[in-house]
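Below: the structure, in structure tokens.
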Amino acid sequence: MAKKFIFRGITFICAMCMCFSLVACGQSEGGSGNGENGGNQGENPGGEIPDEKVSLDGWYLLVKKTVQGTDITGDYLWNAVRLSEGAVTMYETDLTGQTVSDGTYTVSENTVTMKFGISQRKFVYSAAEKQLDFSGSINRRKVTMQYRFNGDFSLPEASGGVPFTGELFGDDITKNFYNYCPTVMTEGNDTMHVWYCSNKDSGNVTDYVAYRKGKLNASGKWEFSEKSLVLSPGSGDDWDSRHVCDPSVVKGKFTMGGETYSYLMAYLGCKTSNNSCNEVGIAVAKAPEGPWIKVERLNPVANFYQSSDYAPGVWRWGYGQPSLVNSDGEGKVLLFYTKGAAVTGTNVEEWDFSDLDTVEKPLRKSVLREGGISNAAGSNICIHNADFAYDPVLRRLYCYEDDFPNPTDGGVDVIADTGALFFLELGEKGNGFDILFGTDVYNWNLVNRITPSLTGFARNHNVGIVTDGFGALTNPYRVPLVYTMSYLKTDFPDWEYQNSQWPFLHTYRLHGLVFDVS
């Protein structure tokens, strides 16, 4: 489970699996919640004056919302405003939950002014369209909103589910099962696919790739399917016979054996029990839940034993913790993975997996530069145990990586307590990925950090960025994350597995949070 790294020649322990969590860290201007700092004034371009005898009361449903010209309407499961005798209630429901804002409204000629605390929004009312239009600034960004009257709408109701910021799923903590290293893909505005690392048998530390499908209900909570194990360790002396973990999944078009597959998974595999000589393989499927088929012809695609980093008789961590981004919407992908050898870092390779029967090697490869990457103490560190996502609107590559060194209190020194989200400006040429493979110097920019004070947990590690099917953000102004939390060994002094990792490993669970970006 826990993996050693060599960091600039220093041996340390790091969790085996990279991946993917949300505790709201402020609200995004373009996402759920008001996102206002007060005193926001909408522009009033003019419009029709409603008949004084006509009531504006009723439900108005969101037609369109943009932030800085980017349409984010599709982020919402439902978004509505209710006017009733001078009172206004706004409901915004998306993957991060539901925000309900109560306020008041007044009407002057064609302008409807909604006040929420010290903030206000001015909407222009069109009697012909029965529509409310807002155009103005919210949190220093240009925002437009259109709500249209709907006389047939009623308040949706739902019960059950879990909030995005809560424990998404998991077995009873008294049992010996762990859940961590997620890769999270959204589909539409109400579906979340989560692949993650778990074990099959209680108390047996053997990694499998597990899967759950989440559905967002009308109250803004998630309802998840039961756990299914979708990828298992190999058999005998197979390269991945001991563990399979660290899943990362993207959509695309991948053919193999005359069949076309829509999903590609990269994963860590190994045949050792001493956390050494890890490698990266791939598998394909036609549906998120599988069946997943390992691409035996190519595996492992990141072959540690055949690399110059392998040194017989010398303990080295190897290759693992992969992260995928689709680079062309079809079969080309960027494959990022940690390199734990004489020097630790992150390799990036671009592959064309369109035809898995003929591809032999990556199109190009490089090692990520680390300018600007630092830990919570401000010290420069290497990029490792990282997840990546692409923002095609602001043309950025996002990287979340765990901090180092790991804390040692509470009897737990193999996982991080903090980590950080960074972004890299990709420039205007092509899709911007060329910068990763060239000689230009580039620097990463800090967005925010996950810390125990933010989450309330002693350990926070193995984080995944929530993306669409191709590894891209759906909203350029906020980044949802799913992180793995853990308690400490000292929190369970009477645990029966006192001499093993179980007094904290069994607490690994997934939670979510959102970082605003500018």
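Convention: chains lettered A, B, ... in structure tokens order; per-chain residue numbering from 1; ligands numbered from 1 as shown.
Those residues that approach Arg369 (chain A) to within 10 Å, counting only C-alpha atoms, are Gly345, Thr346, Asn347, Ser366, Gly372, Ile373, Cys382, Ile383, Leu436, Thr439, Asp440, Val441, Tyr442, Asn443 and Trp444 of chain A; same-chain residues fewer than 3 positions away are not listed.
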Let me see the file: selected residues, all heavy atoms, as a JSON list (two decimals), in the first residue's frame.
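The resulting out38.json:
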[["chain", "number", "residue", "atom", "x", "y", "z"],
["A", 345, "GLY", "N", 10.54, 12.63, -9.84],
["A", 345, "GLY", "CA", 9.88, 13.66, -10.63],
["A", 345, "GLY", "C", 8.67, 13.08, -11.31],
["A", 345, "GLY", "O", 8.19, 11.99, -10.97],
["A", 346, "THR", "N", 8.14, 13.79, -12.30],
["A", 346, "THR", "CA", 6.97, 13.31, -13.05],
["A", 346, "THR", "C", 7.29, 13.34, -14.54],
["A", 346, "THR", "O", 7.67, 14.38, -15.09],
["A", 346, "THR", "CB", 5.73, 14.18, -12.77],
["A", 346, "THR", "OG1", 5.30, 13.93, -11.42],
["A", 346, "THR", "CG2", 4.60, 13.85, -13.71],
["A", 347, "ASN", "N", 7.14, 12.18, -15.17],
["A", 347, "ASN", "CA", 7.29, 12.08, -16.61],
["A", 347, "ASN", "C", 5.96, 12.41, -17.29],
["A", 347, "ASN", "O", 4.89, 12.15, -16.74],
["A", 347, "ASN", "CB", 7.68, 10.65, -17.01],
["A", 347, "ASN", "CG", 9.12, 10.32, -16.66],
["A", 347, "ASN", "OD1", 9.89, 11.19, -16.27],
["A", 347, "ASN", "ND2", 9.48, 9.06, -16.79],
["A", 366, "SER", "N", 8.81, 13.74, -21.98],
["A", 366, "SER", "CA", 9.62, 14.74, -21.30],
["A", 366, "SER", "C", 9.47, 14.54, -19.79],
["A", 366, "SER", "O", 8.70, 13.69, -19.33],
["A", 366, "SER", "CB", 9.19, 16.15, -21.70],
["A", 366, "SER", "OG", 10.05, 17.12, -21.15],
["A", 372, "GLY", "N", 8.32, 26.98, -9.34],
["A", 372, "GLY", "CA", 7.12, 27.46, -8.66],
["A", 372, "GLY", "C", 6.46, 26.45, -7.76],
["A", 372, "GLY", "O", 5.60, 26.80, -6.95],
["A", 373, "ILE", "N", 6.83, 25.16, -7.88],
["A", 373, "ILE", "CA", 6.24, 24.13, -7.04],
["A", 373, "ILE", "C", 6.91, 24.16, -5.67],
["A", 373, "ILE", "O", 8.13, 24.08, -5.56],
["A", 373, "ILE", "CB", 6.41, 22.73, -7.67],
["A", 373, "ILE", "CG1", 5.72, 22.66, -9.03],
["A", 373, "ILE", "CG2", 5.89, 21.65, -6.74],
["A", 373, "ILE", "CD1", 4.20, 22.72, -8.97],
["A", 382, "CYS", "N", 9.76, 18.41, -5.61],
["A", 382, "CYS", "CA", 9.49, 17.82, -6.93],
["A", 382, "CYS", "C", 8.00, 17.54, -7.08],
["A", 382, "CYS", "O", 7.26, 17.42, -6.11],
["A", 382, "CYS", "CB", 10.28, 16.52, -7.09],
["A", 382, "CYS", "SG", 9.84, 15.25, -5.89],
["A", 383, "ILE", "N", 7.56, 17.44, -8.33],
["A", 383, "ILE", "CA", 6.18, 17.05, -8.62],
["A", 383, "ILE", "C", 6.11, 15.53, -8.54],
["A", 383, "ILE", "O", 6.81, 14.81, -9.24],
["A", 383, "ILE", "CB", 5.75, 17.53, -10.01],
["A", 383, "ILE", "CG1", 5.81, 19.06, -10.10],
["A", 383, "ILE", "CG2", 4.34, 17.03, -10.33],
["A", 383, "ILE", "CD1", 5.50, 19.61, -11.48],
["A", 436, "LEU", "N", 5.16, 21.56, -22.80],
["A", 436, "LEU", "CA", 5.60, 20.50, -21.91],
["A", 436, "LEU", "C", 6.79, 19.73, -22.48],
["A", 436, "LEU", "O", 7.55, 19.10, -21.75],
["A", 436, "LEU", "CB", 4.46, 19.53, -21.62],
["A", 436, "LEU", "CG", 3.19, 20.11, -21.01],
["A", 436, "LEU", "CD1", 2.14, 19.02, -20.87],
["A", 436, "LEU", "CD2", 3.47, 20.76, -19.67],
["A", 439, "THR", "N", 11.88, 23.29, -24.81],
["A", 439, "THR", "CA", 12.99, 23.71, -23.95],
["A", 439, "THR", "C", 12.71, 25.01, -23.21],
["A", 439, "THR", "O", 13.54, 25.47, -22.43],
["A", 439, "THR", "CB", 14.26, 23.90, -24.80],
["A", 439, "THR", "OG1", 14.01, 24.87, -25.83],
["A", 439, "THR", "CG2", 14.68, 22.57, -25.44],
["A", 440, "ASP", "N", 11.53, 25.61, -23.45],
["A", 440, "ASP", "CA", 11.21, 26.88, -22.79],
["A", 440, "ASP", "C", 11.09, 26.68, -21.28],
["A", 440, "ASP", "O", 10.56, 25.67, -20.80],
["A", 440, "ASP", "CB", 9.89, 27.44, -23.33],
["A", 440, "ASP", "CG", 10.00, 27.89, -24.77],
["A", 440, "ASP", "OD1", 11.13, 28.05, -25.25],
["A", 440, "ASP", "OD2", 8.95, 28.09, -25.41],
["A", 441, "VAL", "N", 11.54, 27.67, -20.55],
["A", 441, "VAL", "CA", 11.38, 27.66, -19.09],
["A", 441, "VAL", "C", 9.95, 28.07, -18.76],
["A", 441, "VAL", "O", 9.40, 29.00, -19.36],
["A", 441, "VAL", "CB", 12.37, 28.64, -18.43],
["A", 441, "VAL", "CG1", 12.12, 28.73, -16.93],
["A", 441, "VAL", "CG2", 13.81, 28.22, -18.72],
["A", 442, "TYR", "N", 9.33, 27.35, -17.84],
["A", 442, "TYR", "CA", 7.98, 27.73, -17.41],
["A", 442, "TYR", "C", 7.87, 27.56, -15.90],
["A", 442, "TYR", "O", 8.63, 26.83, -15.28],
["A", 442, "TYR", "CB", 6.90, 26.91, -18.13],
["A", 442, "TYR", "CG", 7.05, 25.41, -18.02],
["A", 442, "TYR", "CD1", 6.66, 24.71, -16.87],
["A", 442, "TYR", "CD2", 7.54, 24.66, -19.09],
["A", 442, "TYR", "CE1", 6.77, 23.34, -16.78],
["A", 442, "TYR", "CE2", 7.65, 23.28, -19.01],
["A", 442, "TYR", "CZ", 7.26, 22.63, -17.85],
["A", 442, "TYR", "OH", 7.37, 21.25, -17.77],
["A", 443, "ASN", "N", 6.90, 28.26, -15.32],
["A", 443, "ASN", "CA", 6.69, 28.24, -13.88],
["A", 443, "ASN", "C", 5.23, 28.00, -13.54],
["A", 443, "ASN", "O", 4.32, 28.50, -14.23],
["A", 443, "ASN", "CB", 7.15, 29.56, -13.24],
["A", 443, "ASN", "CG", 8.66, 29.68, -13.18],
["A", 443, "ASN", "OD1", 9.31, 29.08, -12.34],
["A", 443, "ASN", "ND2", 9.22, 30.46, -14.10],
["A", 444, "TRP", "N", 5.00, 27.26, -12.48],
["A", 444, "TRP", "CA", 3.66, 26.95, -11.99],
["A", 444, "TRP", "C", 3.21, 28.04, -11.03],
["A", 444, "TRP", "O", 4.01, 28.67, -10.35],
["A", 444, "TRP", "CB", 3.65, 25.61, -11.29],
["A", 444, "TRP", "CG", 4.03, 24.47, -12.18],
["A", 444, "TRP", "CD1", 5.29, 24.04, -12.48],
["A", 444, "TRP", "CD2", 3.14, 23.61, -12.91],
["A", 444, "TRP", "NE1", 5.25, 22.97, -13.34],
["A", 444, "TRP", "CE2", 3.94, 22.68, -13.62],
["A", 444, "TRP", "CE3", 1.76, 23.53, -13.02],
["A", 444, "TRP", "CZ2", 3.39, 21.69, -14.44],
["A", 444, "TRP", "CZ3", 1.21, 22.55, -13.82],
["A", 444, "TRP", "CH2", 2.01, 21.65, -14.52]]
Exercise: Cys270 (chain A) partners within 6 Å, only C-alpha atoms, chain neighbours under 3 positions left out, as number ranges by chain: A: 239-240, 242-243, 278
Separation of CA of Tyr211 (chain A) from CA of Val250 (chain A) in Å: 14.3 Å
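For the choices A:Phe164, A:Tyr60, A:Tyr337, A:Phe254, the atom-to-atom distance to Phe304 (chain A) is smallest for A:Tyr337 when using only C-alpha atoms.
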Exercise: Asp152 (chain A) partners within 10 Å, only C-alpha atoms, chain neighbours under 2 positions left out, as a ChimeraX atom specification: /A:58-59,149-150,154
Residues within 7 Å of Ala341 (chain A), only C-alpha atoms, excluding chain neighbours under 3 positions, as a VMD selection string: chain A and resid 6 309 316 to 318 344
List every residue of region 132-296 of chain A that DSSP, applied to the backbone, labels as strand (DSSP E), and write the result as a short mmCIF file (atom, residue, chain, number, x, y, z; two decimals) with N, CA, C and O atoms, in the first residue's frame.
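Heads up, here's the output in part-v7.cif:
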data_model
loop_
_atom_site.label_atom_id
_atom_site.label_comp_id
_atom_site.auth_asym_id
_atom_site.auth_seq_id
_atom_site.Cartn_x
_atom_site.Cartn_y
_atom_site.Cartn_z
N LEU A 132 -36.42 37.58 -16.86
CA LEU A 132 -35.55 38.43 -16.06
C LEU A 132 -34.13 38.31 -16.58
O LEU A 132 -33.60 37.20 -16.69
N ASP A 133 -33.50 39.44 -16.92
CA ASP A 133 -32.14 39.45 -17.48
C ASP A 133 -31.22 40.26 -16.59
O ASP A 133 -31.53 41.40 -16.22
N PHE A 134 -30.07 39.66 -16.26
CA PHE A 134 -29.04 40.34 -15.48
C PHE A 134 -27.77 40.42 -16.29
O PHE A 134 -27.35 39.45 -16.93
N SER A 135 -27.13 41.59 -16.24
CA SER A 135 -25.82 41.75 -16.85
C SER A 135 -25.03 42.70 -15.97
O SER A 135 -25.39 43.87 -15.83
N GLY A 136 -23.98 42.18 -15.35
CA GLY A 136 -23.23 43.01 -14.43
C GLY A 136 -22.01 42.29 -13.91
O GLY A 136 -21.56 41.30 -14.47
N SER A 137 -21.48 42.79 -12.81
CA SER A 137 -20.26 42.25 -12.25
C SER A 137 -20.56 41.53 -10.94
O SER A 137 -21.25 42.06 -10.07
N ILE A 138 -20.04 40.32 -10.81
CA ILE A 138 -20.10 39.57 -9.57
C ILE A 138 -18.68 39.09 -9.28
O ILE A 138 -18.07 38.40 -10.09
N ARG A 141 -16.11 39.75 -11.99
CA ARG A 141 -16.22 39.09 -13.28
C ARG A 141 -17.55 39.45 -13.93
O ARG A 141 -18.57 39.62 -13.27
N LYS A 142 -17.52 39.54 -15.25
CA LYS A 142 -18.73 39.85 -16.01
C LYS A 142 -19.64 38.63 -16.02
O LYS A 142 -19.23 37.53 -16.45
N VAL A 143 -20.86 38.80 -15.53
CA VAL A 143 -21.82 37.70 -15.43
C VAL A 143 -23.12 38.12 -16.11
O VAL A 143 -23.59 39.25 -15.97
N THR A 144 -23.69 37.20 -16.89
CA THR A 144 -25.04 37.39 -17.42
C THR A 144 -25.90 36.23 -16.98
O THR A 144 -25.43 35.09 -16.88
N MET A 145 -27.18 36.52 -16.71
CA MET A 145 -28.14 35.49 -16.32
C MET A 145 -29.49 35.80 -16.94
O MET A 145 -29.90 36.96 -16.99
N GLN A 146 -30.16 34.77 -17.37
CA GLN A 146 -31.53 34.90 -17.89
C GLN A 146 -32.41 33.87 -17.20
O GLN A 146 -32.12 32.67 -17.22
N TYR A 147 -33.48 34.36 -16.57
CA TYR A 147 -34.47 33.49 -15.95
C TYR A 147 -35.82 33.74 -16.63
O TYR A 147 -36.21 34.88 -16.85
N ARG A 148 -36.54 32.67 -16.96
CA ARG A 148 -37.83 32.79 -17.64
C ARG A 148 -38.95 32.21 -16.81
O ARG A 148 -38.78 31.15 -16.16
N PHE A 149 -40.08 32.88 -16.78
CA PHE A 149 -41.24 32.45 -15.99
C PHE A 149 -41.71 31.06 -16.43
O PHE A 149 -41.78 30.75 -17.62
N ASN A 179 -10.65 3.14 1.01
CA ASN A 179 -11.13 3.78 -0.22
C ASN A 179 -10.27 5.02 -0.46
O ASN A 179 -10.32 5.97 0.32
N TYR A 180 -9.49 5.00 -1.52
CA TYR A 180 -8.66 6.18 -1.80
C TYR A 180 -8.21 6.19 -3.25
O TYR A 180 -8.60 5.34 -4.05
N CYS A 181 -7.40 7.20 -3.61
CA CYS A 181 -6.87 7.36 -4.97
C CYS A 181 -7.95 7.44 -6.04
O CYS A 181 -7.97 6.63 -6.97
N PRO A 182 -8.86 8.40 -5.97
CA PRO A 182 -9.95 8.44 -6.94
C PRO A 182 -9.57 9.14 -8.25
O PRO A 182 -8.71 10.02 -8.29
N THR A 183 -10.22 8.74 -9.31
CA THR A 183 -10.29 9.53 -10.54
C THR A 183 -11.77 9.76 -10.77
O THR A 183 -12.57 8.82 -10.71
N VAL A 184 -12.17 11.00 -11.00
CA VAL A 184 -13.58 11.36 -11.01
C VAL A 184 -13.94 12.03 -12.32
O VAL A 184 -13.33 13.02 -12.72
N MET A 185 -14.97 11.48 -12.97
CA MET A 185 -15.43 11.98 -14.26
C MET A 185 -16.91 12.33 -14.15
O MET A 185 -17.71 11.53 -13.67
N THR A 186 -17.27 13.54 -14.57
CA THR A 186 -18.68 13.92 -14.59
C THR A 186 -19.28 13.67 -15.96
O THR A 186 -18.59 13.75 -16.98
N GLU A 187 -20.57 13.39 -15.98
CA GLU A 187 -21.31 13.18 -17.22
C GLU A 187 -22.61 13.95 -17.11
O GLU A 187 -23.43 13.67 -16.24
N THR A 191 -24.39 13.20 -13.07
CA THR A 191 -23.77 11.89 -12.97
C THR A 191 -22.28 12.03 -12.68
O THR A 191 -21.60 12.86 -13.28
N MET A 192 -21.80 11.20 -11.76
CA MET A 192 -20.39 11.20 -11.40
C MET A 192 -19.89 9.76 -11.41
O MET A 192 -20.46 8.89 -10.76
N HIS A 193 -18.83 9.51 -12.19
CA HIS A 193 -18.19 8.20 -12.21
C HIS A 193 -16.93 8.29 -11.35
O HIS A 193 -16.09 9.16 -11.56
N VAL A 194 -16.79 7.38 -10.40
CA VAL A 194 -15.64 7.38 -9.50
C VAL A 194 -14.96 6.01 -9.55
O VAL A 194 -15.58 4.99 -9.22
N TRP A 195 -13.71 6.00 -10.01
CA TRP A 195 -12.86 4.82 -9.92
C TRP A 195 -11.83 5.10 -8.82
O TRP A 195 -11.29 6.21 -8.73
N TYR A 196 -11.54 4.12 -8.01
CA TYR A 196 -10.65 4.37 -6.88
C TYR A 196 -10.01 3.05 -6.44
O TYR A 196 -10.30 1.98 -6.99
N CYS A 197 -9.13 3.14 -5.45
CA CYS A 197 -8.40 1.98 -4.96
C CYS A 197 -9.09 1.44 -3.72
O CYS A 197 -9.41 2.19 -2.79
N SER A 198 -9.31 0.13 -3.68
CA SER A 198 -9.90 -0.52 -2.51
C SER A 198 -9.41 -1.95 -2.44
O SER A 198 -8.71 -2.42 -3.35
N ASN A 199 -9.78 -2.63 -1.36
CA ASN A 199 -9.41 -4.04 -1.22
C ASN A 199 -10.64 -4.91 -1.31
O ASN A 199 -11.77 -4.46 -1.07
N ASP A 207 -4.54 -4.39 -3.45
CA ASP A 207 -5.25 -3.32 -4.14
C ASP A 207 -5.98 -3.82 -5.38
O ASP A 207 -5.40 -4.55 -6.20
N TYR A 208 -7.22 -3.35 -5.51
CA TYR A 208 -8.04 -3.53 -6.70
C TYR A 208 -8.51 -2.15 -7.14
O TYR A 208 -8.53 -1.20 -6.35
N VAL A 209 -8.94 -2.02 -8.38
CA VAL A 209 -9.61 -0.80 -8.83
C VAL A 209 -11.10 -1.02 -8.67
O VAL A 209 -11.68 -1.97 -9.21
N ALA A 210 -11.73 -0.16 -7.88
CA ALA A 210 -13.17 -0.24 -7.61
C ALA A 210 -13.89 0.89 -8.35
O ALA A 210 -13.27 1.88 -8.77
N TYR A 211 -15.19 0.74 -8.48
CA TYR A 211 -15.99 1.73 -9.22
C TYR A 211 -17.34 1.93 -8.54
O TYR A 211 -17.95 0.97 -8.04
N ARG A 212 -17.80 3.18 -8.53
CA ARG A 212 -19.16 3.52 -8.11
C ARG A 212 -19.69 4.63 -9.02
O ARG A 212 -18.94 5.51 -9.44
N LYS A 213 -20.98 4.58 -9.26
CA LYS A 213 -21.66 5.60 -10.05
C LYS A 213 -22.53 6.44 -9.14
O LYS A 213 -23.32 5.92 -8.35
N GLY A 214 -22.36 7.76 -9.22
CA GLY A 214 -23.14 8.67 -8.39
C GLY A 214 -24.17 9.42 -9.21
O GLY A 214 -23.92 9.82 -10.34
N LYS A 215 -25.34 9.60 -8.60
CA LYS A 215 -26.42 10.41 -9.20
C LYS A 215 -26.76 11.54 -8.24
O LYS A 215 -26.96 11.33 -7.05
N LEU A 216 -26.83 12.75 -8.78
CA LEU A 216 -27.15 13.94 -8.00
C LEU A 216 -28.66 14.09 -7.90
O LEU A 216 -29.35 14.14 -8.93
N TRP A 222 -25.61 13.39 -3.24
CA TRP A 222 -25.22 12.31 -4.14
C TRP A 222 -25.65 10.95 -3.61
O TRP A 222 -25.51 10.66 -2.42
N GLU A 223 -26.16 10.14 -4.52
CA GLU A 223 -26.55 8.77 -4.20
C GLU A 223 -25.67 7.84 -5.04
O GLU A 223 -25.73 7.89 -6.27
N PHE A 224 -24.88 7.00 -4.38
CA PHE A 224 -23.90 6.17 -5.07
C PHE A 224 -24.33 4.71 -5.12
O PHE A 224 -24.98 4.20 -4.20
N SER A 228 -18.20 -1.99 -6.94
CA SER A 228 -17.88 -3.12 -7.80
C SER A 228 -16.38 -3.07 -8.10
O SER A 228 -15.82 -1.99 -8.33
N LEU A 229 -15.72 -4.23 -8.09
CA LEU A 229 -14.30 -4.32 -8.40
C LEU A 229 -14.18 -4.55 -9.89
O LEU A 229 -14.60 -5.57 -10.42
N VAL A 230 -13.59 -3.56 -10.61
CA VAL A 230 -13.59 -3.60 -12.07
C VAL A 230 -12.24 -3.95 -12.66
O VAL A 230 -12.14 -4.21 -13.86
N LEU A 231 -11.18 -3.95 -11.86
CA LEU A 231 -9.86 -4.36 -12.34
C LEU A 231 -9.14 -5.08 -11.21
O LEU A 231 -9.04 -4.55 -10.09
N HIS A 243 -0.53 -5.90 -6.97
CA HIS A 243 -1.48 -4.79 -6.78
C HIS A 243 -1.85 -4.17 -8.12
O HIS A 243 -1.01 -4.12 -9.03
N VAL A 244 -3.07 -3.68 -8.23
CA VAL A 244 -3.46 -2.73 -9.29
C VAL A 244 -4.14 -1.56 -8.58
O VAL A 244 -5.02 -1.75 -7.74
N CYS A 245 -3.71 -0.35 -8.91
CA CYS A 245 -4.17 0.82 -8.17
C CYS A 245 -4.02 2.07 -9.02
O CYS A 245 -3.76 1.99 -10.22
N ASP A 246 -4.20 3.23 -8.39
CA ASP A 246 -4.00 4.54 -9.03
C ASP A 246 -4.72 4.69 -10.36
O ASP A 246 -4.11 5.09 -11.36
N PRO A 247 -6.01 4.40 -10.46
CA PRO A 247 -6.66 4.51 -11.76
C PRO A 247 -6.78 5.96 -12.22
O PRO A 247 -6.91 6.88 -11.41
N SER A 248 -6.70 6.16 -13.53
CA SER A 248 -7.02 7.43 -14.17
C SER A 248 -7.74 7.10 -15.46
O SER A 248 -7.26 6.26 -16.23
N VAL A 249 -8.89 7.72 -15.71
CA VAL A 249 -9.75 7.33 -16.83
C VAL A 249 -10.10 8.54 -17.68
O VAL A 249 -10.44 9.60 -17.15
N VAL A 250 -10.05 8.37 -19.01
CA VAL A 250 -10.54 9.38 -19.95
C VAL A 250 -11.37 8.72 -21.03
O VAL A 250 -11.23 7.52 -21.30
N LYS A 251 -12.22 9.53 -21.64
CA LYS A 251 -12.97 9.08 -22.81
C LYS A 251 -12.17 9.34 -24.08
O LYS A 251 -11.24 10.14 -24.09
N GLY A 252 -12.56 8.66 -25.15
CA GLY A 252 -11.90 8.84 -26.43
C GLY A 252 -12.37 7.76 -27.39
O GLY A 252 -13.46 7.18 -27.22
N LYS A 253 -11.57 7.50 -28.40
CA LYS A 253 -11.88 6.47 -29.39
C LYS A 253 -10.64 5.60 -29.55
O LYS A 253 -9.64 6.02 -30.10
N PHE A 254 -10.74 4.37 -29.04
CA PHE A 254 -9.60 3.47 -28.99
C PHE A 254 -10.02 2.12 -29.58
O PHE A 254 -11.01 1.52 -29.13
N THR A 255 -9.31 1.64 -30.57
CA THR A 255 -9.66 0.38 -31.21
C THR A 255 -8.64 -0.69 -30.84
O THR A 255 -7.45 -0.44 -30.71
N MET A 256 -9.16 -1.92 -30.67
CA MET A 256 -8.33 -3.06 -30.36
C MET A 256 -9.05 -4.33 -30.79
O MET A 256 -10.22 -4.52 -30.45
N GLU A 259 -12.53 -4.07 -32.28
CA GLU A 259 -13.56 -3.44 -31.45
C GLU A 259 -13.16 -2.01 -31.12
O GLU A 259 -11.97 -1.70 -31.00
N THR A 260 -14.16 -1.15 -30.97
CA THR A 260 -13.92 0.23 -30.58
C THR A 260 -14.35 0.44 -29.14
O THR A 260 -15.47 0.06 -28.75
N TYR A 261 -13.48 1.05 -28.36
CA TYR A 261 -13.73 1.28 -26.93
C TYR A 261 -13.75 2.78 -26.66
O TYR A 261 -13.00 3.55 -27.26
N SER A 262 -14.61 3.18 -25.73
CA SER A 262 -14.81 4.60 -25.45
C SER A 262 -14.07 5.09 -24.22
O SER A 262 -14.01 6.30 -23.98
N TYR A 263 -13.49 4.17 -23.43
CA TYR A 263 -12.83 4.57 -22.19
C TYR A 263 -11.46 3.92 -22.10
O TYR A 263 -11.30 2.74 -22.43
N LEU A 264 -10.50 4.71 -21.63
CA LEU A 264 -9.14 4.23 -21.44
C LEU A 264 -8.75 4.48 -19.98
O LEU A 264 -8.94 5.58 -19.45
N MET A 265 -8.20 3.45 -19.34
CA MET A 265 -7.73 3.57 -17.97
C MET A 265 -6.22 3.33 -17.92
O MET A 265 -5.72 2.39 -18.52
N ALA A 266 -5.50 4.21 -17.22
CA ALA A 266 -4.11 3.96 -16.87
C ALA A 266 -4.09 3.59 -15.39
O ALA A 266 -4.85 4.14 -14.59
N TYR A 267 -3.22 2.66 -15.02
CA TYR A 267 -3.19 2.22 -13.63
C TYR A 267 -1.79 1.78 -13.24
O TYR A 267 -0.96 1.45 -14.09
N LEU A 268 -1.51 1.80 -11.94
CA LEU A 268 -0.26 1.28 -11.41
C LEU A 268 -0.42 -0.22 -11.17
O LEU A 268 -1.43 -0.67 -10.64
N GLY A 269 0.61 -0.98 -11.55
CA GLY A 269 0.64 -2.39 -11.25
C GLY A 269 2.01 -2.77 -10.75
O GLY A 269 3.02 -2.11 -11.05
N CYS A 270 2.09 -3.83 -9.95
CA CYS A 270 3.38 -4.32 -9.49
C CYS A 270 3.26 -5.79 -9.12
O CYS A 270 2.16 -6.31 -8.92
N GLU A 279 5.01 -0.20 -12.05
CA GLU A 279 4.94 0.10 -13.48
C GLU A 279 3.52 0.58 -13.81
O GLU A 279 2.62 0.51 -12.98
N VAL A 280 3.35 1.08 -15.04
CA VAL A 280 2.06 1.63 -15.46
C VAL A 280 1.53 0.82 -16.64
O VAL A 280 2.26 0.57 -17.61
N GLY A 281 0.26 0.44 -16.54
CA GLY A 281 -0.41 -0.26 -17.63
C GLY A 281 -1.68 0.44 -18.03
O GLY A 281 -2.08 1.44 -17.42
N ILE A 282 -2.33 -0.07 -19.09
CA ILE A 282 -3.58 0.52 -19.56
C ILE A 282 -4.62 -0.57 -19.78
O ILE A 282 -4.29 -1.75 -19.97
N ALA A 283 -5.88 -0.17 -19.74
CA ALA A 283 -7.01 -1.05 -20.01
C ALA A 283 -8.07 -0.24 -20.72
O ALA A 283 -8.08 1.00 -20.65
N VAL A 284 -8.99 -0.91 -21.41
CA VAL A 284 -10.05 -0.23 -22.15
C VAL A 284 -11.41 -0.84 -21.81
O VAL A 284 -11.50 -1.99 -21.36
N ALA A 285 -12.46 -0.05 -22.04
CA ALA A 285 -13.82 -0.51 -21.80
C ALA A 285 -14.77 0.27 -22.69
O ALA A 285 -14.46 1.37 -23.18
N ILE A 293 -10.73 -4.36 -20.05
CA ILE A 293 -9.84 -5.33 -20.69
C ILE A 293 -8.43 -4.75 -20.70
O ILE A 293 -8.19 -3.67 -21.26
N LYS A 294 -7.50 -5.45 -20.08
CA LYS A 294 -6.11 -5.00 -20.07
C LYS A 294 -5.52 -5.12 -21.48
O LYS A 294 -5.78 -6.09 -22.19
#
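Atom pair CA of Ser323 (chain A) / CA of Leu510 (chain A): separated by 17.9 Å.
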Sel. of helix (DSSP H, G or I) residues, region 283-512 of chain A, as a ChimeraX atom specification: /A:409-411,434-437,452-455,489-491,502-505
Could you save those same residues with C-alpha atoms as a short mmCIF file (atom, residue, chain, number, x, y, z; two decimals), in the first residue's frame?
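And here is the file that came out, again_25.cif:
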data_model
loop_
_atom_site.label_atom_id
_atom_site.label_comp_id
_atom_site.auth_asym_id
_atom_site.auth_seq_id
_atom_site.Cartn_x
_atom_site.Cartn_y
_atom_site.Cartn_z
CA ASP A 409 2.85 12.67 14.52
CA GLY A 410 0.20 10.17 15.52
CA GLY A 411 2.19 7.18 14.32
CA ASP A 434 3.88 21.78 -26.80
CA ILE A 435 5.33 23.73 -23.89
CA LEU A 436 5.60 20.50 -21.91
CA PHE A 437 7.93 18.95 -24.48
CA PRO A 452 -5.95 19.98 8.14
CA SER A 453 -7.37 23.35 9.19
CA LEU A 454 -9.45 23.43 6.00
CA THR A 455 -10.71 19.83 6.08
CA LYS A 489 -2.93 5.48 14.39
CA THR A 490 -3.17 7.01 17.86
CA ASP A 491 -6.89 7.58 17.31
CA TRP A 502 -4.79 -0.92 9.86
CA PRO A 503 -5.13 1.47 12.78
CA PHE A 504 -5.28 4.27 10.18
CA LEU A 505 -5.46 2.64 6.72
#
